[in-house]
Each structure stands twice: as structure tokens, then as C-alpha cells.
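These notes concern the structure reproduced below.
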Amino acid sequence: MGNKKIIAAASAAGLLLCICVGFLLYSLHQKNAENAEMLKLAEMDKKEMENEYAQFALQYNEMKTQINNDSLIAQLDREQQRTEMLLEELKRVKSNDAAEISRLKKELATVRAVMRSYILEIDSLNRLNQALTDENQRVKAQYSEAQQHISNLTTEKESLSDKVAIASQLDATSISVIGKNKRGKAAKKIKDVKNFAVSFVIARNITAQTGNRSVYVRITKPTNEVLTKGGTFEYENRHLEYSMKKDIEYTGEEQAVTMYWDVTEFLSAGTYRVSIFADGHNIGNTSFTYEK
């Protein structure tokens, strides 16, 4: 009888030990899973910070091309170098180094605030130009109209986005085309044209999304044939051939663009048409005529 009690007690103790060991193993597994998830989130956070730093560095570089103030350009250059230095520091930091990640996140907030102050300063300087002031008023009127539409909408976010997209379309202005001869001078006759230089200005638009844009130019001959090397882009659910393509970094400010087409075929006299496209929209058109 005593042996049975001892065996029962031992069995109970063994079962309890197994339960404890199982619980400890399960807890350890859960802890490892939580740590892995936290590390994954930290890596994603670090990557997002790297992208922001890189974007700010590109914006500083773009801002320097928009002004003629040497002192301000030097300031922007210093801030760009500092931003690039912080980006390199961030790339070297491990995702689980919480202290360094926290420090660089605070630095990122400072970079963002400094960037905002320079944007405001440059905008203030540009307002001195009367032509840009008039354009600014036109854009503000468009923005106000868009905001009025937004305030009256009670539909879902998708419908709201469609309304805002109308106001955020880019607009190509001051379009000019120059046919140049082999000496790089303006050609008077079509037979002397060796290349076309198409220049235009993408107007300032504070409602447009900033970032990379692909701009396409179509040059159509008097025979309605397109000067092309075979490349196409999408427009109104169809593919159109283009003559030239250029990728730009759009910041929302006025931006000058020039593109070139080298002539490799016979060109006839007559009227040529030029159309400019971006973001799936026709943003500008012009035409020019050459006699024999």
C-alpha cells in the first residue's frame, strides 16, 4: 500500500514537471515570436526613415536649382550634406539599436522642420516676381474651388480623390519648338533641320503630388505620322507612340523642361503638331509650320 502511494506521488510530480517544462517552452516560443515581430517592425521603421532622409536630400538638391541667391544656395547645400550624412549614419545602424534609432528619428524631425522653413522662405522670395504672383493667385483660386467641392462632398474617399485629381493635374505653358541646323542654329528651311528642341514650363501647382514624373512629347508630321522610335505610353485606355520621354522630379514649383529630337528621316514642309502628356493627361499643345 505504501509503495502505491509513493508511485502515485511520483507520477503526479512527474506530470507536474512535464506541465511546467511545457509551459516554459511555450513561453519561450512566444517570446521569440514577439521578438521577431518587433525586429521586423523596427526594420520597416528604419527603412521608412531611410526613404524620408533620401527624399529630403533630393528635395534640397532640387531647391538649389530654383533660386539665384548664392547665400541661400550655400545654406541649402550645407543642409543637404547634413541630411546625407545622417542617412549614411542610419544605414550603418542596426535595427535593434533602439537608442540610435531614436536619436536619428529626432534628427529626422529636425530635418523636416528645417526643410519646411526653407520651402516657406523660397516661396516668399519667388512671390516678388509679379508673373509668378499672378500664377500663384490662379492656382490658389483653383485650390479654393477644389476645397469647396471637398467640403460639400459626403461620399466615400474614392469619390473625393476623383474631385481632387482635377485640380492637381499638371499644366505645360510657354511651349516653344526650334528646328536647328547642323551648326546648332535655328533652321529656316525644313531640309536643313537636324534636330528639334522642344521647351516648355510645367506650372506651379500646390495641389499636385510631388515626386517622379514621366513626361512624354509627341511630334506629328503634316502627314499625321508620329516622329518616334517605337516607344508607347497609355492615354485614355490606349497606347500612343511618343517622340521623346523625360523623367523629372516634380516638387510642386514651376519647372522648365527641354527635350531634343534628332532627325533621321525625310521631313516634308507643312504644319507639325506637338502634344505634351504626363500622368495620363494631355497637359499642353502647340504647332509650328515649315515651308520648303
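Every chain in the C-alpha cells has a letter given in the order shown (A, B, ...), and although residue numbers restart at 1 in each chain, ligands are simply numbered from 1 in the order shown.
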### Query
Neighbours of Gln80 in chain A within 12 Å (only C-alpha atoms; same-chain residues fewer than 4 positions away dropped), as a list in words?
Tyr53, Ala54, Gln55, Phe56, Ala57, Leu58, Gln59, Tyr60, Asn61, Glu62, Met63, Lys64, Ile73, Ala74, Gln75, Leu76, Glu84, Met85, Leu86, Leu87, Val111, Arg112, Val114, Met115 and Tyr118 of chain A
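Comparing the minimum interatomic distances between Lys246 in chain A and each of A:Tyr272, A:Phe266, A:Tyr216, A:Trp261, counting only C-alpha atoms, we find that A:Tyr216 sits nearest.
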Surrounding residues of Val226 in chain A excluding itself and chain neighbours under 5 positions, 10 Å, only C-alpha atoms, as a PyMOL selection string: chain A and resi 218-221+240-243+272-274
Mind the document's chain letters and residue numbers, and return as a PyMOL selection string the residues of range 24-271 of chain A that DSSP labels strand (DSSP E).
chain A and resi 172-180+195-202+211-220+232-235+238-241+244-250+255-262+270-271
Any chance you could export the current selection's C-alpha atoms as a PDB file, in the first residue's frame?
ATOM      1  CA  ALA A 172       2.583  72.824 -69.557  1.00  0.00           C
ATOM      2  CA  THR A 173       2.920  76.508 -70.549  1.00  0.00           C
ATOM      3  CA  SER A 174       5.253  78.655 -72.685  1.00  0.00           C
ATOM      4  CA  ILE A 175       5.692  75.831 -75.221  1.00  0.00           C
ATOM      5  CA  SER A 176       8.224  76.537 -77.975  1.00  0.00           C
ATOM      6  CA  VAL A 177       9.828  74.431 -80.723  1.00  0.00           C
ATOM      7  CA  ILE A 178      13.049  75.344 -82.532  1.00  0.00           C
ATOM      8  CA  GLY A 179      14.363  73.397 -85.502  1.00  0.00           C
ATOM      9  CA  LYS A 180      18.167  73.579 -85.517  1.00  0.00           C
ATOM     10  CA  ASN A 195      17.026  68.275 -84.633  1.00  0.00           C
ATOM     11  CA  PHE A 196      14.054  69.822 -82.830  1.00  0.00           C
ATOM     12  CA  ALA A 197      14.375  71.416 -79.379  1.00  0.00           C
ATOM     13  CA  VAL A 198      11.041  71.391 -77.531  1.00  0.00           C
ATOM     14  CA  SER A 199      10.958  73.648 -74.458  1.00  0.00           C
ATOM     15  CA  PHE A 200       8.124  74.297 -72.002  1.00  0.00           C
ATOM     16  CA  VAL A 201       7.411  75.197 -68.387  1.00  0.00           C
ATOM     17  CA  ILE A 202       5.444  72.969 -66.019  1.00  0.00           C
ATOM     18  CA  GLY A 211       7.731  63.104 -56.843  1.00  0.00           C
ATOM     19  CA  ASN A 212       8.947  61.429 -60.022  1.00  0.00           C
ATOM     20  CA  ARG A 213       7.053  62.128 -63.250  1.00  0.00           C
ATOM     21  CA  SER A 214       7.443  60.757 -66.786  1.00  0.00           C
ATOM     22  CA  VAL A 215       6.780  63.461 -69.383  1.00  0.00           C
ATOM     23  CA  TYR A 216       6.058  62.413 -73.000  1.00  0.00           C
ATOM     24  CA  VAL A 217       6.197  64.577 -76.145  1.00  0.00           C
ATOM     25  CA  ARG A 218       4.583  63.624 -79.474  1.00  0.00           C
ATOM     26  CA  ILE A 219       5.650  65.404 -82.661  1.00  0.00           C
ATOM     27  CA  THR A 220       3.232  64.714 -85.529  1.00  0.00           C
ATOM     28  CA  THR A 232       4.468  53.991 -76.347  1.00  0.00           C
ATOM     29  CA  PHE A 233       2.568  55.226 -73.276  1.00  0.00           C
ATOM     30  CA  GLU A 234      -1.001  54.812 -72.008  1.00  0.00           C
ATOM     31  CA  TYR A 235      -3.564  57.537 -72.667  1.00  0.00           C
ATOM     32  CA  ARG A 238      -4.993  53.080 -75.453  1.00  0.00           C
ATOM     33  CA  HIS A 239      -1.290  53.122 -76.289  1.00  0.00           C
ATOM     34  CA  LEU A 240       0.120  56.152 -78.105  1.00  0.00           C
ATOM     35  CA  GLU A 241       3.540  56.442 -79.701  1.00  0.00           C
ATOM     36  CA  MET A 244      10.561  61.827 -76.557  1.00  0.00           C
ATOM     37  CA  LYS A 245      10.346  60.882 -72.898  1.00  0.00           C
ATOM     38  CA  LYS A 246      11.938  62.541 -69.875  1.00  0.00           C
ATOM     39  CA  ASP A 247      11.734  61.657 -66.174  1.00  0.00           C
ATOM     40  CA  ILE A 248      11.644  64.654 -63.826  1.00  0.00           C
ATOM     41  CA  GLU A 249      11.458  65.189 -60.058  1.00  0.00           C
ATOM     42  CA  TYR A 250       8.429  67.440 -59.593  1.00  0.00           C
ATOM     43  CA  GLN A 255       9.882  73.803 -63.593  1.00  0.00           C
ATOM     44  CA  ALA A 256      11.479  74.382 -67.019  1.00  0.00           C
ATOM     45  CA  VAL A 257      11.970  71.341 -69.295  1.00  0.00           C
ATOM     46  CA  THR A 258      13.772  70.995 -72.650  1.00  0.00           C
ATOM     47  CA  MET A 259      13.785  67.857 -74.814  1.00  0.00           C
ATOM     48  CA  TYR A 260      15.501  67.094 -78.142  1.00  0.00           C
ATOM     49  CA  TRP A 261      14.581  65.025 -81.189  1.00  0.00           C
ATOM     50  CA  ASP A 262      17.327  64.136 -83.710  1.00  0.00           C
ATOM     51  CA  GLY A 270       3.847  71.837 -93.669  1.00  0.00           C
ATOM     52  CA  THR A 271       2.399  72.137 -90.195  1.00  0.00           C
TER      53      THR A 271
END
Query - Backbone DSSP call of alpha helix (DSSP H) for range 53-286 of chain A, listed as a ChimeraX atom specification - result: /A:53-64,70-92,98-126,130-152,157-167
